[in-house]
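Inspection log for the structure reproduced underneath, given as structure tokens.
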Amino acid sequence: MSSVLFDVPGPRARRRHLVYSGLTVLALAGVFFVVGKRLYDEDALTPELLNQTFQNRYVEFLLEGMLQTLKAAVLGISCALVFGVVLAVGRISIHRILRWPTVAVIEFFRAVPLVMLIIFIFYGIRNDELFAVVAGLTLYNGAVLAEVFRAGVNAVPKGQSEAAYAIGMRKTQVTSIVLLPQAVKFMLPAIISQCVIVLKDTALGYVIVYAELVRYARQLAGSVDNSTILVYSTVALMFIVINYGLSKLAEYLQRRMSRSRPDVDDGAAQVSRVKAGEMGGGGPGG
Amino acid sequence: MEFLFDNLDQILEGFGKTLWLLLFSGIIAGLLGTILVSMRVSPVALLRGVGTSYVNIVRNTPLLLILFLFRDAFPPLGFNYSINNYFNFFFIAATAGLGLYAAAFVCEALRSGINSIPVGQAEAARSLGMNFGQTMREVVLPQAFRAVIPPLASTYIALAKNTSVALAIGTTEATFVMQKLTDERASERLVIFLGFSVGYIIIVWSIALLARGVEKRAERSR
């Protein structure tokens, strides 16, 4: 592979790279050996343990936990999309009386940790685990998505709305008929990557004892001796597979839509800048 | 309101611990993230693969699960440290988990900065006969520095808020104190929540303002 940062390697560089690769392999092998031996010595990775942990009923148990996690995540992202649209409408409104309170709401929910929000909703508003998790996810992600929607609408070239106004459309018509359909293309990758964050953040329901996958994992780890690392890694793998699939889907959609359409790429890049650096439970603020 | 002022020392102690968590995990994330990004853009395919795998694995795992690994799974294998009563085992486990988690995002923020440099810059450097290290050091990184500040600031803001997840493994940081105070005086829960929100907003905005200041200076020096 060549990149603008370096040339296609010549014979000397190739030899040097081979040495680096060899050292990396040695280092990795060393780490795997030390960790593996340690795990084996502590009986945390033995054939018996694998058999004992991956019994049918335990696997079913974990899948049930996954279902609970997915339930909260799907509810959360759906409500967040709706809430995000509401906030975005207020945010791009031309009336100051609508815009300013919306800005305050968005900035507040983006600056407050999700854990704190969930705890407050659970103990302060309604003593219902699922409600608290979904409401927390909705408020935080709705605020983030509102900014995504705004960036998406702003990323549509100016000529589009000017042309729409010129043929006599109202502002509502311009937004709903001309701008939004085009903006959706820019926003789709960002929305899907937000789904990854929601799925991960569902785990925060743990703090108010919502029965989701991480709690199921702790229970299972408690009932089989020495299985903690094995069970946690398995659960991590379940999350990774789903989330990795989602990010690949986002990449695919973006590639498909931007095929010979540089404007879509530009728009999507503008939107994703809003979410740069985000890692869930948090996000860009300030 | 009075209840908040009566417990001000507890609240400040909680936020103090939040800031210590942020500081130490931020340093770990910064160092590890830099190493990871230099692997991800390097000419050696295997190093790139290792960097990419780390980012993909860590970025797609819930932070809570990583913290549980550090609290429950690693101690039997020998990861069991504590410095004193304040920086106890839970604090160190949380710091390590947060640092390793955030490193993946720091890496991506840095990479987006490197990618934002126009291709012509690197091509010009290459045509002057610079090698990979020189191209990065002399041409790409100094320019990337300014482009990285906003995404890096977002990453550290997110890290500041993510320190609250550490309450789940028993670190007595700000959100832990909030939960405790809410338990003690349920009737004041809204005031307590808003009070702690103000604390987090101050932290978040400080990082944002700091980033803006650094960005301005970087812009002026061009």
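Residues are named by chain letter and number: chains run A, B, ... in the order of the structure tokens, numbers start at 1 in each chain, and ligands are numbered from 1 in the order shown.
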
Report as a PyMOL selection string all protein, DNA and RNA residues lying within 10 Å of stretch 108-116 of chain A, evaluated on only C-alpha atoms, omitting residues in the same chain fewer than 5 positions from it. (chain A and resi 102-103+121-122+133+136-144+201+204-208+280-286) or (chain B and resi 157-168+174-176+178-179+193-194+196-205)

Report as an NGL selection string all protein, DNA and RNA residues lying within 8 Å of A:Phe61, evaluated on only C-alpha atoms, omitting residues in the same chain fewer than 4 positions from it. :A and (57 or 65 or 216)

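Counting only C-alpha atoms and comparing A:Tyr40, A:Phe6, A:Phe131, A:Phe54, the residue that lies closest to chain B is A:Phe6.
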
Would you list the contacts of stretch 105-116 of chain B as a PyMOL selection string, taking every protein, DNA or RNA residue within 10 Å and counting only C-alpha atoms, but skipping same-chain residues closer than 2 positions in sequence? (chain A and resi 5+273+276-279) or (chain B and resi 26+29-41+51-52+55+58-59+99-103+118-119+136+140-156+158-159)

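For the residues B:Gly49, B:Ile207, B:Phe5, B:Thr171, ranking by smallest atom-to-atom distance to B:Asn85 using only C-alpha atoms places B:Thr171 first.
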
Here atom CA of B:Leu46 and atom CA of A:Ile192 stand apart by 29.4 Å

Excluding A:Phe149 and its own-chain neighbours fewer than 2 positions away, which residues fall within 8 Å of it when counting only C-alpha atoms? Please give them as an MDAnalysis selection string. chainID A and resid 84:85 88 145:147 151:153 183 187

Output of the above residues as a short mmCIF file (atom, residue, chain, number, x, y, z; two decimals), in the first residue's frame, restricted to N, CA and C atoms:
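Final output, saved to result-v5.cif:
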```
data_model
loop_
_atom_site.label_atom_id
_atom_site.label_comp_id
_atom_site.auth_asym_id
_atom_site.auth_seq_id
_atom_site.Cartn_x
_atom_site.Cartn_y
_atom_site.Cartn_z
N GLY A 84 -35.12 14.71 18.45
CA GLY A 84 -34.10 15.46 17.71
C GLY A 84 -34.73 16.34 16.64
N VAL A 85 -35.75 15.80 15.94
CA VAL A 85 -36.42 16.60 14.91
C VAL A 85 -37.09 17.81 15.55
N ALA A 88 -34.49 20.24 16.47
CA ALA A 88 -33.87 20.84 15.28
C ALA A 88 -34.78 21.91 14.68
N LEU A 145 -28.56 14.59 17.99
CA LEU A 145 -29.14 14.44 16.65
C LEU A 145 -29.69 15.78 16.14
N ALA A 146 -30.19 16.62 17.04
CA ALA A 146 -30.68 17.93 16.60
C ALA A 146 -29.57 18.69 15.89
N GLU A 147 -28.37 18.63 16.45
CA GLU A 147 -27.24 19.31 15.82
C GLU A 147 -26.89 18.65 14.48
N ALA A 151 -26.94 20.56 10.95
CA ALA A 151 -25.79 20.58 10.05
C ALA A 151 -26.18 20.03 8.68
N GLY A 152 -27.05 18.99 8.67
CA GLY A 152 -27.49 18.39 7.42
C GLY A 152 -28.24 19.40 6.56
N VAL A 153 -29.18 20.12 7.17
CA VAL A 153 -29.95 21.11 6.42
C VAL A 153 -29.04 22.23 5.93
N ALA A 183 -31.10 16.61 2.63
CA ALA A 183 -30.27 16.57 3.83
C ALA A 183 -30.18 15.15 4.40
N MET A 187 -27.15 13.01 6.27
CA MET A 187 -27.22 12.71 7.70
C MET A 187 -27.18 11.23 8.00
#
```
